[in-house]
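Q: Pasting structure-v4.csv here (CSV, C-alpha atoms and all ligand atoms):
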chain,number,residue,atom,x,y,z
Q,180,MET,CA,0.0,0.0,0.0
Q,181,PHE,CA,1.4,3.3,-1.0
Q,182,LEU,CA,-1.4,5.6,-2.0
Q,183,ASP,CA,-2.0,3.7,-5.2
Q,184,ALA,CA,-5.7,2.8,-4.6
Q,185,LEU,CA,-7.3,6.1,-3.6
Q,186,PRO,CA,-10.9,6.6,-4.8
Q,187,ALA,CA,-11.9,9.3,-7.3
Q,188,ASP,CA,-14.8,10.6,-5.2
Q,189,VAL,CA,-15.4,10.8,-1.4
Q,190,SER,CA,-18.7,11.4,0.3
Q,191,VAL,CA,-18.2,13.7,3.3
Q,192,TYR,CA,-20.8,13.3,6.1
Q,193,GLU,CA,-20.9,16.6,8.1
Q,194,VAL,CA,-21.6,16.2,11.8
Q,195,SER,CA,-20.8,19.6,13.2
Q,196,PRO,CA,-24.4,20.7,14.0
Q,197,ARG,CA,-24.9,17.5,16.0
Q,198,ASP,CA,-21.5,16.1,17.2
Q,199,GLY,CA,-20.0,19.5,17.3
Q,200,LEU,CA,-22.7,21.4,19.2
Q,201,GLN,CA,-23.8,18.6,21.6
Q,202,ASN,CA,-20.6,19.3,23.6
Q,203,GLU,CA,-20.6,23.1,23.7
Q,204,SER,CA,-20.8,24.4,27.2
Q,205,ALA,CA,-22.3,27.8,26.2
Q,206,PRO,CA,-25.8,27.6,24.6
Q,207,VAL,CA,-25.9,28.1,20.8
Q,208,SER,CA,-29.1,29.9,19.6
Q,209,LEU,CA,-31.5,28.4,17.2
Q,210,GLU,CA,-30.6,31.2,14.8
Q,211,GLY,CA,-26.9,30.4,15.1
Q,212,LYS,CA,-27.6,26.7,14.3
Q,213,ARG,CA,-29.7,27.7,11.3
Q,214,GLU,CA,-26.9,30.0,10.0
Q,215,LEU,CA,-24.3,27.2,10.4
Q,216,VAL,CA,-26.4,24.7,8.5
Q,217,GLY,CA,-27.1,27.3,5.8
Q,218,ALA,CA,-23.3,27.9,5.4
Q,219,LEU,CA,-22.6,24.2,5.2
Q,220,VAL,CA,-25.2,23.8,2.5
Q,221,THR,CA,-23.8,26.8,0.6
Q,222,ALA,CA,-20.3,25.1,0.8
Q,223,GLY,CA,-21.7,22.1,-1.0
Q,224,LEU,CA,-22.2,19.6,1.8
Q,225,ARG,CA,-24.9,17.2,0.9
Q,226,ARG,CA,-25.2,15.0,4.0
Q,227,ILE,CA,-25.5,16.9,7.2
Q,228,GLU,CA,-26.3,15.5,10.7
Q,229,LEU,CA,-28.5,18.2,12.0
Q,230,THR,CA,-29.2,17.4,15.6
Q,231,SER,CA,-30.3,14.6,18.0
Q,232,PHE,CA,-33.7,13.5,19.1
Q,233,VAL,CA,-32.3,12.3,22.4
Q,234,SER,CA,-33.5,13.1,25.9
Q,235,PRO,CA,-33.1,16.9,26.5
Q,236,ARG,CA,-32.1,16.0,30.0
Q,237,TRP,CA,-29.1,14.1,28.7
Q,238,VAL,CA,-28.1,16.5,26.0
Q,239,PRO,CA,-29.7,19.9,26.7
Q,240,GLN,CA,-27.6,21.6,23.9
Q,241,LEU,CA,-29.8,19.9,21.3
Q,242,ALA,CA,-33.2,20.3,23.1
Q,243,ASP,CA,-34.4,22.5,20.2
Q,244,ALA,CA,-34.2,19.6,17.7
Q,245,GLU,CA,-37.8,20.0,16.5
Q,246,ALA,CA,-37.6,23.7,16.2
Q,247,LEU,CA,-34.4,23.4,14.1
Q,248,ALA,CA,-35.6,20.6,11.9
Q,249,THR,CA,-38.9,22.2,11.1
Q,250,SER,CA,-37.5,25.7,10.5
Q,251,LEU,CA,-35.1,24.7,7.7
Q,252,SER,CA,-35.7,24.0,4.1
Q,253,VAL,CA,-32.8,22.7,2.2
Q,254,PRO,CA,-32.3,22.3,-1.6
Q,255,GLU,CA,-33.1,19.0,-3.4
Q,256,GLY,CA,-30.2,16.6,-3.0
Q,257,VAL,CA,-29.3,17.6,0.6
Q,258,THR,CA,-30.1,15.0,3.3
Q,259,LEU,CA,-30.5,16.1,6.9
Q,260,SER,CA,-30.2,13.3,9.4
Q,261,ALA,CA,-30.4,13.1,13.2
Q,262,LEU,CA,-29.4,10.7,16.0
Q,263,CYS,CA,-32.3,8.7,17.5
Q,264,PRO,CA,-31.7,6.5,20.5
Q,265,ASN,CA,-35.2,4.9,20.7
Q,266,ALA,CA,-38.8,4.8,19.4
Q,267,LYS,CA,-39.6,8.2,21.0
Q,268,GLY,CA,-36.6,9.7,19.1
Q,269,PHE,CA,-37.7,8.2,15.8
Q,270,GLU,CA,-41.3,9.5,16.3
Q,271,ARG,CA,-40.0,13.0,17.0
Q,272,ALA,CA,-37.7,12.8,13.9
Q,273,ARG,CA,-40.6,11.6,11.7
Q,274,ALA,CA,-42.9,14.3,13.0
Q,275,ALA,CA,-40.2,16.9,12.2
Q,276,GLY,CA,-40.1,15.7,8.6
Q,277,LEU,CA,-36.6,14.1,8.5
Q,278,LYS,CA,-36.0,11.5,5.8
Q,279,GLU,CA,-32.9,9.9,7.5
Q,280,ILE,CA,-32.0,9.0,11.1
Q,281,ALA,CA,-29.0,7.4,12.8
Q,282,VAL,CA,-29.2,4.9,15.6
Q,283,PHE,CA,-26.1,4.6,17.8
Q,284,LEU,CA,-24.4,2.3,20.3
Q,285,SER,CA,-21.0,1.4,21.5
Q,286,ALA,CA,-18.8,-1.6,21.0
Q,287,SER,CA,-17.9,-1.5,24.8
Q,288,GLU,CA,-20.5,-2.1,27.5
Q,289,THR,CA,-19.5,0.7,29.9
Q,290,HIS,CA,-19.6,3.5,27.3
Q,291,ASN,CA,-22.9,2.3,26.0
Q,292,GLN,CA,-24.3,2.3,29.5
Q,293,LYS,CA,-23.0,5.7,30.3
Q,294,ASN,CA,-24.1,7.2,27.0
Q,295,THR,CA,-27.6,5.6,26.7
Q,296,ASN,CA,-28.4,3.9,30.0
Q,297,LYS,CA,-28.6,0.6,28.3
Q,298,SER,CA,-26.6,-2.6,27.7
Q,299,ILE,CA,-25.5,-3.3,24.2
Q,300,ALA,CA,-28.1,-6.1,24.0
Q,301,GLN,CA,-30.8,-3.6,25.2
Q,302,SER,CA,-29.8,-1.1,22.6
Q,303,LEU,CA,-30.0,-3.7,19.8
Q,304,GLU,CA,-33.5,-4.7,21.1
Q,305,THR,CA,-34.5,-1.1,21.0
Q,306,PHE,CA,-33.2,-0.6,17.4
Q,307,ALA,CA,-35.2,-3.7,16.4
Q,308,GLU,CA,-38.3,-1.6,17.3
Q,309,VAL,CA,-37.0,1.5,15.5
Q,310,VAL,CA,-35.4,0.5,12.3
Q,311,PRO,CA,-38.2,-1.5,10.6
Q,312,PRO,CA,-40.9,1.2,11.2
Q,313,ALA,CA,-38.4,3.9,10.1
Q,314,LEU,CA,-37.7,2.0,6.8
Q,315,ALA,CA,-41.5,1.3,6.4
Q,316,SER,CA,-42.1,5.1,6.7
Q,317,GLY,CA,-39.6,5.7,3.8
Q,318,MET,CA,-36.6,6.8,5.9
Q,319,ARG,CA,-33.0,5.7,5.5
Q,320,VAL,CA,-31.3,4.6,8.7
Q,321,ARG,CA,-27.6,4.9,9.4
Q,322,ALA,CA,-25.9,3.5,12.4
Q,323,TYR,CA,-22.9,4.4,14.6
Q,324,VAL,CA,-20.8,1.9,16.4
Q,325,SER,CA,-18.6,3.9,18.9
Q,326,THR,CA,-15.4,3.1,20.8
Q,327,VAL,CA,-14.2,0.7,18.1
Q,328,TRP,CA,-10.6,2.0,18.6
Q,329,GLY,CA,-10.8,2.2,22.4
Q,330,CYS,CA,-13.1,2.9,25.3
Q,331,PRO,CA,-12.6,5.7,27.9
Q,332,TYR,CA,-13.7,3.3,30.6
Q,333,GLU,CA,-12.5,-0.2,29.4
Q,334,GLY,CA,-9.4,0.6,27.2
Q,335,ASP,CA,-8.9,-1.8,24.3
Q,336,VAL,CA,-12.0,-3.1,22.5
Q,337,ASP,CA,-12.1,-6.4,20.6
Q,338,PRO,CA,-13.0,-5.6,16.9
Q,339,LYS,CA,-15.0,-8.9,16.8
Q,340,ALA,CA,-17.5,-7.3,19.2
Q,341,ALA,CA,-17.9,-4.3,16.8
Q,342,ILE,CA,-18.2,-6.6,13.8
Q,343,ASP,CA,-20.9,-8.7,15.5
Q,344,ILE,CA,-22.9,-5.6,16.4
Q,345,SER,CA,-22.5,-4.2,12.9
Q,346,ARG,CA,-23.7,-7.4,11.3
Q,347,GLN,CA,-26.9,-7.2,13.4
Q,348,LEU,CA,-27.4,-3.5,12.4
Q,349,ILE,CA,-27.0,-4.3,8.7
Q,350,GLU,CA,-29.4,-7.2,9.0
Q,351,LEU,CA,-31.9,-4.9,10.6
Q,352,GLY,CA,-31.7,-2.7,7.5
Q,353,CYS,CA,-29.2,0.1,8.3
Q,354,TYR,CA,-27.6,1.2,5.1
Q,355,GLN,CA,-24.3,2.1,6.5
Q,356,ILE,CA,-22.3,1.7,9.7
Q,357,SER,CA,-20.1,4.5,10.9
Q,358,LEU,CA,-17.2,3.2,12.9
Q,359,GLY,CA,-16.2,5.6,15.7
Q,360,ASP,CA,-12.8,6.4,17.2
Q,361,THR,CA,-14.8,8.2,19.8
Q,362,ILE,CA,-11.8,9.3,22.0
Q,363,GLY,CA,-9.3,9.6,19.2
Q,364,VAL,CA,-6.8,6.9,20.2
Q,365,GLY,CA,-6.3,5.4,16.7
Q,366,THR,CA,-3.1,5.3,14.8
Q,367,PRO,CA,-2.6,4.2,11.2
Q,368,LEU,CA,-1.6,0.6,11.6
Q,369,LYS,CA,-4.3,-0.1,14.1
Q,370,THR,CA,-6.8,1.6,11.7
Q,371,ARG,CA,-5.5,-0.6,8.9
Q,372,ASP,CA,-6.1,-3.7,10.9
Q,373,ILE,CA,-9.5,-2.7,12.1
Q,374,VAL,CA,-10.7,-1.6,8.6
Q,375,ARG,CA,-9.3,-4.7,7.0
Q,376,SER,CA,-11.2,-6.9,9.5
Q,377,PHE,CA,-14.4,-5.1,8.7
Q,378,LEU,CA,-13.8,-5.3,5.0
Q,379,SER,CA,-13.4,-9.0,5.2
Q,380,GLU,CA,-17.0,-9.1,6.4
Q,381,PHE,CA,-18.8,-6.2,4.7
Q,382,PRO,CA,-18.5,-4.4,1.4
Q,383,ALA,CA,-16.8,-1.0,1.6
Q,384,ASP,CA,-20.0,1.0,0.8
Q,385,LYS,CA,-21.5,-0.3,4.0
Q,386,LEU,CA,-18.8,1.4,6.0
Q,387,ALA,CA,-18.0,5.0,7.0
Q,388,LEU,CA,-15.2,6.2,9.3
Q,389,HIS,CA,-15.7,8.7,12.2
Q,390,PHE,CA,-12.5,10.0,13.7
Q,391,HIS,CA,-12.1,12.3,16.6
Q,392,ASP,CA,-8.8,14.2,16.4
Q,393,THR,CA,-7.9,14.1,20.1
Q,394,ARG,CA,-4.3,13.1,19.4
Q,395,GLY,CA,-3.8,14.6,15.9
Q,396,THR,CA,-4.2,11.3,14.1
Q,397,ALA,CA,-7.6,11.6,12.5
Q,398,LEU,CA,-6.4,12.7,9.1
Q,399,ALA,CA,-3.8,9.9,8.9
Q,400,ASN,CA,-6.4,7.4,9.9
Q,401,ALA,CA,-8.8,8.6,7.3
Q,402,LEU,CA,-6.2,8.3,4.6
Q,403,VAL,CA,-5.6,4.7,5.6
Q,404,GLY,CA,-9.3,4.0,5.4
Q,405,LEU,CA,-9.5,5.6,1.9
Q,406,GLU,CA,-6.5,3.6,0.6
Q,407,LEU,CA,-8.3,0.4,1.8
Q,408,GLY,CA,-11.5,1.4,-0.2
Q,409,VAL,CA,-13.8,3.2,2.3
Q,410,ARG,CA,-15.3,6.3,0.6
Q,411,ASP,CA,-17.5,7.7,3.3
Q,412,ILE,CA,-15.8,9.9,6.0
Q,413,ASP,CA,-17.4,11.8,8.8
Q,414,ALA,CA,-16.1,15.3,9.6
Q,415,SER,CA,-17.0,18.4,11.5
Q,416,VAL,CA,-16.3,22.0,10.3
Q,417,GLY,CA,-13.5,23.7,12.2
Q,418,GLY,CA,-12.9,20.5,14.2
Q,419,LEU,CA,-15.9,21.1,16.4
Q,420,GLY,CA,-17.1,18.3,18.6
Q,421,GLY,CA,-16.8,15.7,21.3
Q,422,CYS,CA,-18.9,13.3,23.3
Q,423,PRO,CA,-20.4,14.5,26.6
Q,424,TYR,CA,-20.2,10.9,27.9
Q,425,ALA,CA,-16.6,10.2,26.8
Q,426,PRO,CA,-14.4,12.3,29.0
Q,427,GLY,CA,-11.4,13.8,27.1
Q,428,ALA,CA,-12.9,13.3,23.6
Q,429,ALA,CA,-11.9,16.3,21.4
Q,430,GLY,CA,-13.5,17.5,18.2
Q,431,ASN,CA,-13.9,15.5,15.1
Q,432,LEU,CA,-11.6,15.4,12.1
Q,433,ALA,CA,-12.0,19.0,10.7
Q,434,THR,CA,-13.9,19.0,7.4
Q,435,GLU,CA,-11.6,21.7,6.0
Q,436,ASP,CA,-8.5,19.6,6.7
Q,437,LEU,CA,-10.1,16.5,5.1
Q,438,VAL,CA,-11.3,18.4,2.0
Q,439,TYR,CA,-7.9,20.2,1.6
Q,440,MET,CA,-6.1,16.9,1.6
Q,441,LEU,CA,-8.6,15.2,-0.7
Q,442,HIS,CA,-8.6,18.0,-3.3
Q,443,GLY,CA,-4.9,18.2,-3.1
Q,444,MET,CA,-4.8,14.6,-4.2
Q,445,GLY,CA,-7.3,15.2,-7.0
Q,446,ILE,CA,-10.2,13.4,-5.2
Q,447,ARG,CA,-13.6,15.0,-5.8
Q,448,THR,CA,-16.0,15.9,-2.9
Q,449,GLY,CA,-18.4,18.4,-4.5
Q,450,ILE,CA,-17.4,20.9,-1.8
Q,451,ASP,CA,-16.1,24.4,-2.3
Q,452,LEU,CA,-13.2,24.7,0.1
Q,453,ASP,CA,-13.3,28.5,0.3
Q,454,LYS,CA,-17.0,28.5,1.1
Q,455,LEU,CA,-16.3,25.7,3.6
Q,456,ILE,CA,-13.8,27.9,5.3
Q,457,GLU,CA,-16.5,30.6,5.5
Q,458,ALA,CA,-18.8,28.0,7.1
Q,459,GLY,CA,-16.0,27.4,9.7
Q,460,ARG,CA,-16.0,31.1,10.5
Q,461,VAL,CA,-19.7,31.0,11.0
Q,462,ALA,CA,-19.2,28.0,13.3
Q,463,GLU,CA,-16.6,29.9,15.3
Q,464,ARG,CA,-18.8,32.9,15.6
Q,465,VAL,CA,-21.9,30.9,16.8
Q,466,VAL,CA,-20.0,29.0,19.4
Q,467,GLY,CA,-18.0,32.1,20.5
Q,468,ARG,CA,-14.6,30.4,20.7
Q,469,LYS,CA,-11.6,29.6,18.5
Q,470,LEU,CA,-11.8,26.3,16.7
Q,471,PRO,CA,-8.9,23.9,16.3
Q,472,GLY,CA,-9.0,22.9,12.6
Q,473,LYS,CA,-5.6,23.5,10.9
Q,474,VAL,CA,-6.9,24.7,7.5
Q,475,HIS,CA,-9.5,26.7,9.4
Q,476,GLN,CA,-6.6,28.6,11.0
Q,477,ALA,CA,-4.0,28.6,8.2
Q,478,GLY,CA,-6.3,29.1,5.2
Q,479,PRO,CA,-6.3,27.1,2.0
Q,480,ARG,CA,-3.2,28.3,0.1
Q,481,VAL,CA,0.2,29.7,0.5
Q,482,ARG,CA,0.3,33.3,1.8
Q,483,ARG,CA,3.3,34.9,0.1
Q,484,VAL,CA,5.5,37.0,2.3
Q,485,ALA,CA,6.3,40.4,0.8
Q,501,LIG,P1,-33.3,7.2,30.1
Q,501,LIG,O1,-33.3,8.2,31.2
Q,501,LIG,O2,-32.9,5.8,30.5
Q,501,LIG,O3,-34.7,7.1,29.4
Q,501,LIG,O4,-32.4,7.7,28.9
Q,501,LIG,P2,-36.1,6.5,29.8
Q,501,LIG,O5,-36.5,5.6,28.6
Q,501,LIG,O6,-36.0,5.8,31.1
Q,501,LIG,O7,-37.0,7.8,29.9
Q,501,LIG,C1,-36.8,8.8,30.8
Q,501,LIG,C2,-37.4,10.1,30.4
Q,501,LIG,O8,-36.8,10.5,29.2
Q,501,LIG,C3,-38.9,10.0,30.0
Q,501,LIG,O9,-39.5,11.2,30.3
Q,501,LIG,C4,-38.9,9.8,28.5
Q,501,LIG,O10,-40.1,10.2,27.9
Q,501,LIG,C5,-37.7,10.7,28.1
Q,501,LIG,P3,-40.4,11.5,31.6
Q,501,LIG,O11,-41.4,10.4,31.6
Q,501,LIG,O12,-39.4,11.2,32.8
Q,501,LIG,O13,-40.8,12.9,31.5
Q,501,LIG,N1,-37.1,10.3,26.8
Q,501,LIG,C6,-37.0,11.1,25.8
Q,501,LIG,N2,-37.3,12.4,25.6
Q,501,LIG,C7,-37.0,12.9,24.4
Q,501,LIG,N3,-36.5,12.2,23.3
Q,501,LIG,C8,-36.2,10.9,23.5
Q,501,LIG,C9,-36.4,10.3,24.8
Q,501,LIG,N4,-36.2,9.0,25.2
Q,501,LIG,C10,-36.7,9.0,26.5
Q,501,LIG,N5,-35.6,10.2,22.5
Q,501,LIG,C11,-31.8,7.8,26.6
Q,501,LIG,C12,-32.2,6.9,27.8
Q,501,LIG,C13,-31.3,6.9,25.5
Q,501,LIG,C14,-33.1,8.5,26.1
Q,501,LIG,C15,-30.7,8.8,27.1
Q,501,LIG,O14,-29.7,8.0,27.6
Q,501,LIG,C16,-30.2,9.6,26.0
Q,501,LIG,O15,-30.9,10.5,25.4
Q,501,LIG,N6,-28.9,9.4,25.6
Q,501,LIG,C17,-28.2,10.1,24.5
Q,501,LIG,C18,-26.9,10.6,24.9
Q,501,LIG,C19,-26.2,11.2,23.7
Q,501,LIG,O16,-26.8,11.8,22.8
Q,501,LIG,N7,-24.8,11.1,23.7
Q,501,LIG,C20,-24.0,11.6,22.6
Q,501,LIG,C21,-24.2,11.0,21.3
Q,501,LIG,S1,-23.3,9.6,20.9
Q,501,LIG,C22,-21.8,10.1,20.4
Q,501,LIG,O17,-21.5,11.2,20.6
Q,501,LIG,C23,-20.9,9.1,19.6
Q,501,LIG,C24,-20.9,9.4,18.1
Q,501,LIG,O18,-20.6,10.7,17.8
Q,501,LIG,C25,-20.0,8.4,17.4
Q,501,LIG,C26,-18.6,8.4,18.0
Q,501,LIG,O19,-17.9,9.5,18.1
Q,501,LIG,O20,-18.1,7.3,18.3
Q,501,LIG,C27,-22.3,9.1,17.5
Q,502,MG,MG,-18.5,11.5,17.5
Mind turning this structure into structure tokens?
Ligand code: HMG
Ligand code: MG

A:
Amino acid sequence: MFLDALPADVSVYEVSPRDGLQNESAPVSLEGKRELVGALVTAGLRRIELTSFVSPRWVPQLADAEALATSLSVPEGVTLSALCPNAKGFERARAAGLKEIAVFLSASETHNQKNTNKSIAQSLETFAEVVPPALASGMRVRAYVSTVWGCPYEGDVDPKAAIDISRQLIELGCYQISLGDTIGVGTPLKTRDIVRSFLSEFPADKLALHFHDTRGTALANALVGLELGVRDIDASVGGLGGCPYAPGAAGNLATEDLVYMLHGMGIRTGIDLDKLIEAGRVAERVVGRKLPGKVHQAGPRVRRVA
């Protein structure tokens, strides 16, 4: 393997309005969220995770999920999705008019318990009551499996556990499994081994990769996944993000960093990098703090010194 099998196109799945904002300590206004989503759409993002229909007691930052989803109209070809932990979340998402939802659980018991108050088996039972009616109502369902690279409570996680969970989610009808390095502990060789073990069980289009950049390895891990044939990468503008129930989790792979690298290698994304950088500035303004993304800070091209 030496960058000789990269894809021509990559689908970027933008998670900043959900994964990014779920972790912000200062409240972000509904108007600020609307502005962020508008800027992402203008930049050419076509798959955006808007919010979560979870318990507002657990994630108060996203308590305005209905108001946000019902106040937006996006152009044809843009899909808005939202996290749903249970039947109540699905009903809320359907009532708000969403056409896609994402169910989520962890490959490690302790993180799943802390994040959703359920065992892995209970989460899978819950999804068996969510996914079929969601599909019957015309929705698409994505799924996340978190802590595949490591758990903040248990340490190393056996990839076989994540593969077994993923198989059950695909059998239920989820169109894609996003594998999460929730706390950003992955390094390229470990990523190679994990992705290869998944690809020996599932076709590449069933998989997406979701890296948090806690230790600066998200982009390197994404590159390994691309070289192995995965074409769906999750990212968050400016590097916003984290998980309220995974202590120490930093933001996601920054969308600008991913797109800069992809375009620099001639890989198409359908995204306008300059407009994406504008969206990052909107994100920075609405959260009221500096964001960590590298391209967000440095800009997209050489600045000549006079
Ligand atoms: P629970 O407290 O066990 O829920 O929470 P319950 O079923 O016992 O119900 C308790 C109350 O919550 C009831 O209300 C329910 O109606 C209400 P009451 O009768 O007391 O008034 N409730 C809800 N309200 C609104 N929407 C709902 C809902 N469900 C129940 N959907 C629950 C269980 C799963 C709801 C809770 O644990 C929860 O919401 N957890 C979500 C936490 C979360 O969003 N974490 C972050 C996302 S995951 C992540 O970041 C990882 C990811 O990015 C990938 C990666 O990085 O690896 C995806
Ligand atoms: Mg995440």

Q: Could you check which of Q:Asp183, Q:Glu245, Q:Glu406, Q:Asp360 is closest to ligand LIG 501 (chain Q), using all atoms listed in the file?

A: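 Nearest candidate to ligand LIG 501 (chain Q) out of Q:Asp183, Q:Glu245, Q:Glu406, Q:Asp360: Q:Asp360.
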
Q: Which residues sit within 8 Å of ligand LIG 501 (chain Q), counting only C-alpha atoms and all ligand atoms, listed as a PyMOL selection string?

A: chain Q and resi 198+201+231-238+262-269+271+283-285+293-297+323-327+357-362+389-391+421-425+431

Q: With the cut-off set at 10 Å and counting all atoms listed in the file, tabulate each residue of segment 358-447 of chain Q with an atom at most that distance from an atom of segment 184-196 of chain Q, showing the nearest atom pair and its distance in Å to one decimal, ordered by chain and increasing number, as a Markdown table.

A:
| residue | atom | partner | partner_atom | distance |
| --- | --- | --- | --- | --- |
| Q:Ala387 | CA | Q:Tyr192 | CA | 8.8 |
| Q:Leu388 | CA | Q:Tyr192 | CA | 9.6 |
| Q:His389 | CA | Q:Tyr192 | CA | 9.2 |
| Q:Leu402 | CA | Q:Leu185 | CA | 8.6 |
| Q:Val403 | CA | Q:Leu185 | CA | 9.5 |
| Q:Gly404 | CA | Q:Leu185 | CA | 9.5 |
| Q:Leu405 | CA | Q:Leu185 | CA | 5.9 |
| Q:Glu406 | CA | Q:Leu185 | CA | 5.0 |
| Q:Leu407 | CA | Q:Ala184 | CA | 7.3 |
| Q:Gly408 | CA | Q:Pro186 | CA | 7.0 |
| Q:Val409 | CA | Q:Pro186 | CA | 8.4 |
| Q:Arg410 | CA | Q:Val189 | CA | 4.9 |
| Q:Asp411 | CA | Q:Ser190 | CA | 4.9 |
| Q:Ile412 | CA | Q:Val191 | CA | 5.2 |
| Q:Asp413 | CA | Q:Tyr192 | CA | 4.6 |
| Q:Ala414 | CA | Q:Glu193 | CA | 5.2 |
| Q:Ser415 | CA | Q:Ser195 | CA | 4.3 |
| Q:Val416 | CA | Q:Ser195 | CA | 5.9 |
| Q:Gly417 | CA | Q:Ser195 | CA | 8.4 |
| Q:Gly418 | CA | Q:Ser195 | CA | 8.0 |
| Q:Leu419 | CA | Q:Ser195 | CA | 6.0 |
| Q:Gly420 | CA | Q:Ser195 | CA | 6.7 |
| Q:Gly421 | CA | Q:Ser195 | CA | 9.8 |
| Q:Gly430 | CA | Q:Ser195 | CA | 9.1 |
| Q:Asn431 | CA | Q:Ser195 | CA | 8.2 |
| Q:Ala433 | CA | Q:Ser195 | CA | 9.2 |
| Q:Thr434 | CA | Q:Glu193 | CA | 7.4 |
| Q:Leu437 | CA | Q:Val191 | CA | 8.8 |
| Q:Val438 | CA | Q:Val191 | CA | 8.4 |
| Q:Leu441 | CA | Q:Val189 | CA | 8.1 |
| Q:His442 | CA | Q:Asp188 | CA | 9.8 |
| Q:Met444 | CA | Q:Leu185 | CA | 8.9 |
| Q:Gly445 | CA | Q:Ala187 | CA | 7.5 |
| Q:Ile446 | CA | Q:Ala187 | CA | 4.9 |
| Q:Arg447 | CA | Q:Asp188 | CA | 4.6 |

Q: Please produce a file of those selected residues containing C-alpha atoms, as an mmCIF file, in the frame of the given file.

A:
data_model
loop_
_atom_site.group_PDB
_atom_site.id
_atom_site.type_symbol
_atom_site.label_atom_id
_atom_site.label_comp_id
_atom_site.auth_asym_id
_atom_site.auth_seq_id
_atom_site.Cartn_x
_atom_site.Cartn_y
_atom_site.Cartn_z
ATOM 1 C CA ALA Q 387 -18.000 5.000 7.000
ATOM 2 C CA LEU Q 388 -15.200 6.200 9.300
ATOM 3 C CA HIS Q 389 -15.700 8.700 12.200
ATOM 4 C CA LEU Q 402 -6.200 8.300 4.600
ATOM 5 C CA VAL Q 403 -5.600 4.700 5.600
ATOM 6 C CA GLY Q 404 -9.300 4.000 5.400
ATOM 7 C CA LEU Q 405 -9.500 5.600 1.900
ATOM 8 C CA GLU Q 406 -6.500 3.600 0.600
ATOM 9 C CA LEU Q 407 -8.300 0.400 1.800
ATOM 10 C CA GLY Q 408 -11.500 1.400 -0.200
ATOM 11 C CA VAL Q 409 -13.800 3.200 2.300
ATOM 12 C CA ARG Q 410 -15.300 6.300 0.600
ATOM 13 C CA ASP Q 411 -17.500 7.700 3.300
ATOM 14 C CA ILE Q 412 -15.800 9.900 6.000
ATOM 15 C CA ASP Q 413 -17.400 11.800 8.800
ATOM 16 C CA ALA Q 414 -16.100 15.300 9.600
ATOM 17 C CA SER Q 415 -17.000 18.400 11.500
ATOM 18 C CA VAL Q 416 -16.300 22.000 10.300
ATOM 19 C CA GLY Q 417 -13.500 23.700 12.200
ATOM 20 C CA GLY Q 418 -12.900 20.500 14.200
ATOM 21 C CA LEU Q 419 -15.900 21.100 16.400
ATOM 22 C CA GLY Q 420 -17.100 18.300 18.600
ATOM 23 C CA GLY Q 421 -16.800 15.700 21.300
ATOM 24 C CA GLY Q 430 -13.500 17.500 18.200
ATOM 25 C CA ASN Q 431 -13.900 15.500 15.100
ATOM 26 C CA ALA Q 433 -12.000 19.000 10.700
ATOM 27 C CA THR Q 434 -13.900 19.000 7.400
ATOM 28 C CA LEU Q 437 -10.100 16.500 5.100
ATOM 29 C CA VAL Q 438 -11.300 18.400 2.000
ATOM 30 C CA LEU Q 441 -8.600 15.200 -0.700
ATOM 31 C CA HIS Q 442 -8.600 18.000 -3.300
ATOM 32 C CA MET Q 444 -4.800 14.600 -4.200
ATOM 33 C CA GLY Q 445 -7.300 15.200 -7.000
ATOM 34 C CA ILE Q 446 -10.200 13.400 -5.200
ATOM 35 C CA ARG Q 447 -13.600 15.000 -5.800
#

Q: Compare Q:Ser208, Q:Ser316, Q:Ser302, Q:Gln355 by their minimum atom-to-atom distance to Ala383 of chain Q, counting only C-alpha atoms, and give me the closest one.

A: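 Closest to Ala383 of chain Q of all the choices is Q:Gln355.
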
Q: Would you mind reading off the distance between atom CA of Pro382 of chain Q and atom CA of Trp328 of chain Q, one decimal, in Å?

A: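 Distance between the two atoms: 20.0 Å.
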
Q: If you count all atoms listed in the file, which residues fall within 7 Å of Cys353 of chain Q, apart from same-chain ones fewer than 4 positions away, as a list in words?

A: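 Near Cys353 of chain Q, the qualifying residues are Val320, Arg321, Ala322, Leu348 and Ile349 of chain Q.
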